[in-house]
$ cat query-v5.cif   # mmCIF, C-alpha atoms
data_start
#
loop_
_atom_site.label_atom_id
_atom_site.label_comp_id
_atom_site.auth_asym_id
_atom_site.auth_seq_id
_atom_site.Cartn_x
_atom_site.Cartn_y
_atom_site.Cartn_z
CA MET A 8 -95.12 -16.44 -70.96
CA LYS A 9 -97.46 -14.80 -68.45
CA SER A 10 -95.62 -13.46 -65.44
CA SER A 11 -96.62 -14.89 -62.06
CA PRO A 12 -96.00 -13.94 -58.42
CA TYR A 13 -95.35 -17.61 -57.62
CA LEU A 14 -91.64 -17.12 -56.94
CA LEU A 15 -92.29 -14.02 -54.83
CA LEU A 16 -94.87 -15.86 -52.73
CA LEU A 17 -92.51 -18.80 -52.32
CA LEU A 18 -89.82 -16.44 -51.06
CA ALA A 19 -92.37 -14.71 -48.85
CA GLY A 20 -93.27 -18.04 -47.29
CA ILE A 21 -89.62 -18.77 -46.58
CA ALA A 22 -89.16 -15.28 -45.12
CA ALA A 23 -92.22 -15.62 -42.88
CA SER A 24 -91.14 -18.99 -41.57
CA LEU A 25 -87.59 -17.72 -41.04
CA LEU A 26 -88.89 -14.71 -39.11
CA LEU A 27 -90.95 -16.96 -36.87
CA TRP A 28 -88.08 -19.41 -36.41
CA SER A 29 -85.58 -16.63 -35.61
CA ARG A 30 -87.74 -15.61 -32.66
CA LEU A 31 -87.56 -19.15 -31.37
CA ALA A 32 -83.82 -19.32 -32.04
CA ARG A 33 -83.12 -16.59 -29.52
CA ARG A 34 -83.16 -19.33 -26.92
CA ASP A 35 -80.45 -21.34 -28.67
CA SER A 36 -78.35 -20.31 -31.68
CA ARG A 37 -78.16 -23.94 -32.81
CA LEU A 38 -81.79 -23.67 -33.92
CA LEU A 39 -80.73 -21.48 -36.84
CA THR A 40 -78.43 -24.24 -38.07
CA ILE A 41 -81.28 -26.71 -37.75
CA TYR A 42 -83.60 -24.44 -39.73
CA ALA A 43 -81.02 -24.02 -42.49
CA ALA A 44 -80.66 -27.80 -42.67
CA ALA A 45 -84.44 -28.21 -42.81
CA LEU A 46 -84.73 -25.71 -45.67
CA THR A 47 -81.91 -27.36 -47.63
CA GLY A 48 -83.31 -30.85 -47.07
CA ALA A 49 -86.80 -29.68 -48.03
CA PHE A 50 -85.67 -28.26 -51.38
CA LEU A 51 -83.60 -31.33 -52.17
CA GLY A 52 -86.35 -33.75 -51.14
CA ALA A 53 -88.99 -31.79 -53.06
CA LYS A 54 -86.95 -32.13 -56.25
CA LEU A 55 -85.94 -35.78 -55.87
CA VAL A 56 -89.41 -37.05 -55.00
CA TYR A 57 -90.90 -35.05 -57.87
CA LEU A 58 -88.48 -36.64 -60.32
CA ALA A 59 -89.30 -40.11 -58.94
CA ALA A 60 -93.07 -39.58 -58.91
CA GLU A 61 -93.60 -37.70 -62.17
CA GLY A 62 -90.54 -35.98 -63.63
CA TRP A 63 -89.11 -39.08 -65.28
CA MET A 64 -92.22 -39.29 -67.46
CA TYR A 65 -91.11 -36.18 -69.38
CA TRP A 66 -87.82 -37.68 -70.57
CA SER A 67 -88.88 -37.50 -74.21
CA SER A 68 -90.38 -34.02 -73.93
CA PRO A 69 -88.43 -31.23 -75.65
CA HIS A 70 -89.20 -29.04 -72.63
CA ARG A 71 -88.01 -31.57 -70.08
CA TRP A 72 -85.24 -29.35 -68.67
CA ILE A 73 -87.67 -26.55 -67.87
CA ILE A 74 -90.14 -29.05 -66.40
CA TRP A 75 -87.47 -30.67 -64.27
CA ALA A 76 -86.14 -27.31 -63.11
CA THR A 77 -89.54 -26.05 -61.95
CA GLY A 78 -91.13 -29.28 -60.69
CA LYS A 79 -91.22 -30.06 -56.97
CA THR A 80 -93.55 -31.55 -54.40
CA ILE A 81 -94.49 -30.75 -50.82
CA LEU A 82 -94.40 -34.45 -49.94
CA GLY A 83 -90.72 -34.64 -50.83
CA ALA A 84 -90.06 -31.41 -48.92
CA LEU A 85 -91.54 -32.94 -45.77
CA LEU A 86 -89.52 -36.13 -46.15
CA GLY A 87 -86.24 -34.39 -46.97
CA GLY A 88 -86.71 -31.69 -44.35
CA TYR A 89 -87.42 -34.20 -41.59
CA LEU A 90 -84.35 -36.26 -42.43
CA ALA A 91 -82.15 -33.16 -42.61
CA VAL A 92 -83.35 -31.93 -39.22
CA GLU A 93 -82.55 -35.25 -37.55
CA ILE A 94 -79.03 -35.20 -39.04
CA ALA A 95 -78.47 -31.55 -38.07
CA LYS A 96 -79.62 -32.12 -34.49
CA LYS A 97 -77.12 -34.92 -34.07
CA PHE A 98 -74.38 -32.81 -35.65
CA VAL A 99 -74.88 -29.79 -33.36
CA GLY A 100 -75.76 -31.87 -30.31
CA TYR A 101 -79.29 -30.52 -29.89
CA ARG A 102 -81.45 -33.04 -28.02
CA GLN A 103 -84.71 -31.15 -27.46
CA PRO A 104 -87.76 -31.77 -29.69
CA THR A 105 -88.21 -29.25 -32.51
CA GLY A 106 -91.30 -30.73 -34.13
CA ASP A 107 -93.75 -28.44 -32.35
CA TYR A 108 -92.02 -25.46 -34.00
CA PHE A 109 -92.12 -27.06 -37.45
CA ALA A 110 -95.82 -27.89 -36.98
CA VAL A 111 -96.41 -24.12 -37.12
CA VAL A 112 -93.73 -23.20 -39.65
CA ALA A 113 -94.55 -25.91 -42.23
CA PRO A 114 -98.25 -25.20 -42.88
CA LEU A 115 -97.55 -21.46 -42.85
CA GLY A 116 -94.91 -21.81 -45.57
CA ILE A 117 -97.09 -24.21 -47.56
CA LEU A 118 -99.98 -21.73 -47.48
CA PHE A 119 -97.81 -19.07 -49.11
CA GLY A 120 -96.69 -21.56 -51.74
CA ARG A 121 -100.24 -22.68 -52.50
CA VAL A 122 -101.39 -19.10 -52.99
CA GLY A 123 -98.68 -18.93 -55.64
CA CYS A 124 -99.99 -22.16 -57.20
CA LEU A 125 -103.49 -20.69 -57.30
CA LEU A 126 -102.33 -17.52 -59.03
CA HIS A 127 -99.94 -19.39 -61.34
CA GLY A 128 -102.58 -21.93 -62.39
CA CYS A 129 -100.59 -25.08 -61.53
CA CYS A 130 -101.34 -28.16 -59.39
CA LEU A 131 -104.76 -28.47 -60.99
CA GLY A 132 -107.62 -30.74 -60.02
CA ARG A 133 -109.42 -33.20 -62.27
CA GLU A 134 -111.99 -32.09 -64.81
CA CYS A 135 -115.45 -31.79 -63.28
CA THR A 136 -118.99 -30.95 -64.27
CA PRO A 137 -119.41 -27.18 -63.95
CA ALA A 138 -120.62 -26.19 -60.47
CA TRP A 139 -120.40 -23.26 -58.07
CA TRP A 140 -117.34 -24.77 -56.39
CA THR A 141 -115.30 -25.66 -59.51
CA LEU A 142 -112.40 -23.58 -60.83
CA GLN A 143 -111.68 -22.89 -64.48
CA ASP A 144 -108.18 -23.30 -65.84
CA GLN A 145 -106.61 -21.09 -68.52
CA PHE A 146 -108.53 -22.97 -71.19
CA GLY A 147 -111.90 -22.48 -69.49
CA ILE A 148 -112.21 -26.11 -68.30
CA ASP A 149 -113.96 -26.62 -64.95
CA ARG A 150 -111.82 -28.49 -62.45
CA TRP A 151 -111.83 -29.72 -58.87
CA PRO A 152 -110.49 -26.91 -56.61
CA ALA A 153 -107.43 -28.87 -55.56
CA VAL A 154 -105.34 -25.90 -54.40
CA PRO A 155 -108.07 -24.20 -52.30
CA VAL A 156 -108.88 -27.52 -50.65
CA GLU A 157 -105.24 -28.02 -49.68
CA MET A 158 -105.06 -24.44 -48.43
CA ALA A 159 -108.09 -25.11 -46.23
CA PHE A 160 -106.40 -28.23 -44.85
CA ASN A 161 -103.26 -26.31 -43.92
CA ILE A 162 -105.26 -23.51 -42.29
CA LEU A 163 -106.97 -26.10 -40.11
CA ALA A 164 -103.61 -27.79 -39.41
CA LEU A 165 -102.06 -24.48 -38.38
CA ALA A 166 -105.00 -23.68 -36.09
CA ALA A 167 -104.79 -27.16 -34.53
CA ALA A 168 -101.04 -26.80 -33.91
CA LEU A 169 -101.53 -23.42 -32.22
CA LEU A 170 -104.36 -24.82 -30.08
CA LEU A 171 -102.31 -27.84 -28.99
CA ARG A 172 -99.44 -25.48 -28.20
CA LYS A 173 -101.66 -23.22 -26.11
CA LEU A 174 -103.20 -26.12 -24.20
CA GLN A 175 -99.78 -27.83 -23.87
CA LEU A 176 -101.16 -31.11 -25.18
CA LEU A 177 -99.06 -33.84 -26.83
CA ARG A 178 -95.89 -31.77 -26.52
CA GLY A 179 -93.15 -32.92 -28.90
CA GLN A 180 -95.67 -34.70 -31.14
CA HIS A 181 -97.26 -31.86 -33.11
CA PHE A 182 -95.21 -32.31 -36.28
CA HIS A 183 -95.68 -36.07 -36.19
CA LEU A 184 -99.42 -35.46 -36.06
CA TYR A 185 -99.11 -33.09 -39.03
CA LEU A 186 -97.16 -35.65 -41.05
CA MET A 187 -99.74 -38.35 -40.37
CA SER A 188 -102.75 -36.14 -41.12
CA TYR A 189 -101.26 -34.54 -44.24
CA GLY A 190 -100.09 -37.90 -45.58
CA ILE A 191 -103.56 -39.40 -45.18
CA PHE A 192 -105.23 -36.29 -46.60
CA ARG A 193 -102.91 -36.17 -49.59
CA PHE A 194 -103.27 -39.89 -50.32
CA PHE A 195 -107.05 -39.61 -50.78
CA HIS A 196 -107.03 -36.11 -52.25
CA GLU A 197 -104.62 -37.27 -54.95
CA TRP A 198 -107.51 -39.04 -56.71
CA MET A 199 -109.03 -35.62 -57.31
CA ARG A 200 -105.84 -34.07 -58.70
CA ALA A 201 -104.78 -34.06 -62.35
CA THR A 202 -101.46 -35.84 -61.89
CA PRO A 203 -99.95 -38.66 -64.00
CA ARG A 204 -100.62 -42.16 -62.71
CA LEU A 205 -98.15 -44.98 -62.32
CA THR A 206 -101.04 -47.46 -62.41
CA PRO A 207 -104.67 -47.01 -63.39
CA VAL A 208 -105.49 -46.00 -59.81
CA LEU A 209 -102.26 -44.88 -58.09
CA THR A 210 -99.88 -41.96 -58.59
CA GLY A 211 -96.30 -41.66 -57.47
CA TYR A 212 -97.42 -38.95 -55.05
CA GLN A 213 -99.71 -41.41 -53.29
CA ILE A 214 -96.71 -43.64 -52.61
CA ALA A 215 -94.89 -40.59 -51.25
CA ALA A 216 -97.95 -39.74 -49.14
CA LEU A 217 -97.85 -43.21 -47.59
CA ALA A 218 -94.15 -42.66 -46.82
CA VAL A 219 -94.97 -39.34 -45.10
CA THR A 220 -97.71 -41.02 -43.06
CA ALA A 221 -95.39 -43.87 -42.07
CA LEU A 222 -92.69 -41.38 -41.07
CA GLY A 223 -95.17 -39.57 -38.84
CA VAL A 224 -96.34 -42.79 -37.19
CA ALA A 225 -92.76 -43.97 -36.61
CA GLY A 226 -91.75 -40.62 -35.13
CA PHE A 227 -94.83 -40.52 -32.90
CA LEU A 228 -94.21 -44.02 -31.51
CA ARG A 229 -90.50 -43.37 -31.04
CA ARG A 230 -91.17 -40.16 -29.13
CA ARG A 231 -93.76 -41.81 -26.92
CA SER A 232 -91.42 -44.72 -26.20
CA HIS A 233 -88.62 -42.29 -25.33
CA GLU A 234 -90.88 -40.36 -22.96
CA THR A 235 -92.04 -43.58 -21.28
CA GLN A 236 -88.47 -44.72 -20.68
CA ASN A 237 -87.56 -41.39 -19.09
CA VAL A 238 -90.48 -41.24 -16.62
CA PRO A 239 -89.13 -41.27 -13.02
CA ILE A 240 -90.05 -44.57 -11.43
CA SER A 241 -88.57 -44.11 -7.92
CA LEU A 242 -91.83 -42.78 -6.54
CA GLY A 243 -93.75 -45.69 -7.95
CA VAL A 244 -91.24 -48.20 -6.51
CA ASP A 245 -91.39 -46.57 -3.09
CA ALA A 246 -95.15 -46.67 -3.12
CA ILE A 247 -95.22 -50.33 -4.11
CA THR A 248 -92.63 -51.20 -1.43
CA ALA A 249 -94.50 -49.31 1.22
CA SER A 250 -97.77 -51.02 0.35
CA ALA A 251 -96.07 -54.44 0.41
CA GLU A 252 -94.59 -54.00 3.89
CA PRO A 253 -96.82 -55.28 6.71
CA LYS A 254 -98.01 -52.55 9.04
CA LYS A 255 -97.03 -53.01 12.67
CA THR A 256 -100.13 -52.60 14.81
CA PRO A 257 -100.28 -53.40 18.48
CA SER A 258 -101.93 -56.71 19.22
CA SER A 259 -104.99 -56.72 21.45
CA CYS A 260 -103.28 -59.37 23.58
CA GLU A 261 -100.20 -57.20 24.24
CA PRO A 262 -100.39 -54.61 27.04
CA SER A 263 -99.52 -51.07 26.05
CA ARG A 264 -96.58 -49.18 27.57
CA GLY A 265 -98.91 -47.12 29.75
CA VAL A 266 -100.52 -50.17 31.30
CA LEU A 267 -97.10 -51.73 32.04
CA ALA A 268 -95.88 -48.53 33.70
CA VAL A 269 -98.90 -48.35 36.04
CA ALA A 270 -98.55 -52.04 36.98
CA LEU A 271 -94.83 -51.66 37.80
CA LYS A 272 -95.45 -48.57 39.96
CA ARG A 273 -98.20 -50.35 41.91
CA ASP A 274 -95.92 -53.34 42.53
CA GLU A 275 -93.13 -51.07 43.87
CA THR A 276 -95.63 -49.34 46.21
CA GLN A 277 -96.82 -52.64 47.62
CA LYS A 278 -93.23 -53.78 48.24
CA SER A 279 -92.39 -50.53 50.03
CA ALA A 280 -95.46 -50.83 52.28
CA ALA A 281 -94.55 -54.42 53.20
CA GLY A 282 -91.03 -53.33 54.17
CA ASP A 283 -92.29 -50.57 56.44
#
$ encode --input "query-v5.cif" --output "structure tokens"
Amino acid sequence: MKSSPYLLLLLAGIAASLLLWSRLARRDSRLLTIYAAALTGAFLGAKLVYLAAEGWMYWSSPHRWIIWATGKTILGALLGGYLAVEIAKKFVGYRQPTGDYFAVVAPLGILFGRVGCLLHGCCLGRECTPAWWTLQDQFGIDRWPAVPVEMAFNILALAAALLLRKLQLLRGQHFHLYLMSYGIFRFFHEWMRATPRLTPVLTGYQIAALAVTALGVAGFLRRRSHETQNVPISLGVDAITASAEPKKTPSSCEPSRGVLAVALKRDETQKSAAGD
């Protein structure tokens, strides 16, 4: 079997993401526990979703154990990692959002993994008519460049996350945005990948992609609802109360204090003169 740097690149991706995360964890040591949970959940989810989407189809294959041992999917990693992070945060009592960190770490790690896929020759696209943009597999068949296209998506996603972070826009929502965008991208891109289909038009990975998209939408709405409930409302109540109270303005029919004082002084002067 031809040797491949796939495993080394996978480990390099984990190391790069860990290095980045460790810098963030200087603020709170609990973040390391959360990262470890995310990594564990990602590996477990990647395996389970792969088995549900495709792995079970190789039950009768004599090489099924090797296939099952090596098969995994990014979609399952995102689902399992997200669930593991939520559980870990509750366990260690960490209440701050961590999604903006994962919006940088996730596409970076996936990029390393996809470079490994490209060099290893896996995760192929569908057969295509030869063109300047097609890639040839080990048998010389022209295929859709599925891996480079996904790498391009993750480069754009990483750039978008860094830009949102710099501009401080949609804080706490960056990973939810990544889940939604990647889920939608993967759902449509799956039609161009050479993966087994559950039906004539759908693959198990497309169902997983819909689950990733739904998870992103649910997380986005939950975060926005939480932020709305925690907005201070005292200022708004005071403003409404102040605007509702009638303003006390002196009536044109009522004499001012100055006028009353002058009238009283004149009356006392007249009485004094009459007494003299």
$ atom_distance --input "query-v5.cif" --atom1 "atom CA of A:His70" --atom2 "atom CA of A:Leu51"
21.3 Å
$ residues_around --input "query-v5.cif" --residues "A:Gly52" --least-positions-apart "5" --cutoff "12 Å" --atoms "all atoms listed in the file" --output "number ranges by chain"
A: 44-47, 57-60, 78-91, 215, 219
$ resolve_selection --input "query-v5.cif" --expression "the PyMOL selection byres ((chain A and resi 154) around 12)" --output "ChimeraX atom specification"
/A:117-133,141-142,150-153,155-161,193,196-197,199-201
$ closest_residue --input "query-v5.cif" --among "A:Leu38, A:Cys135, A:Asp107, A:Thr77" --to "A:Leu177" --atoms "all atoms listed in the file"
A:Asp107
$ atom_distance --input "query-v5.cif" --atom1 "atom CA of A:Tyr189" --atom2 "atom CA of A:Leu209"
17.3 Å
$ closest_residue --input "query-v5.cif" --among "A:Tyr101, A:Ile21, A:Gln145, A:Gly223" --to "A:Ser36" --atoms "all atoms listed in the file"
A:Tyr101
$ atom_distance --input "query-v5.cif" --atom1 "atom CA of A:Ala225" --atom2 "atom CA of A:Ile94"
16.5 Å
$ resolve_selection --input "query-v5.cif" --expression "the PyMOL selection byres ((chain A and resi 166-173) around 10)" --output "list in words"
Asp107, Tyr108, Phe109, Ala110, Val111, Val112, Pro114, Phe160, Asn161, Ile162, Leu163, Ala164, Leu165, Leu174, Gln175, Leu176, Leu177, Arg178, Gly179, Gln180, His181, Phe182, Leu184 and Tyr185 of chain A
$ residues_around --input "query-v5.cif" --residues "A:Pro203" --least-positions-apart "4" --cutoff "10 Å" --atoms "only C-alpha atoms" --output "PyMOL selection string"
chain A and resi 60-62+64+207+209-212
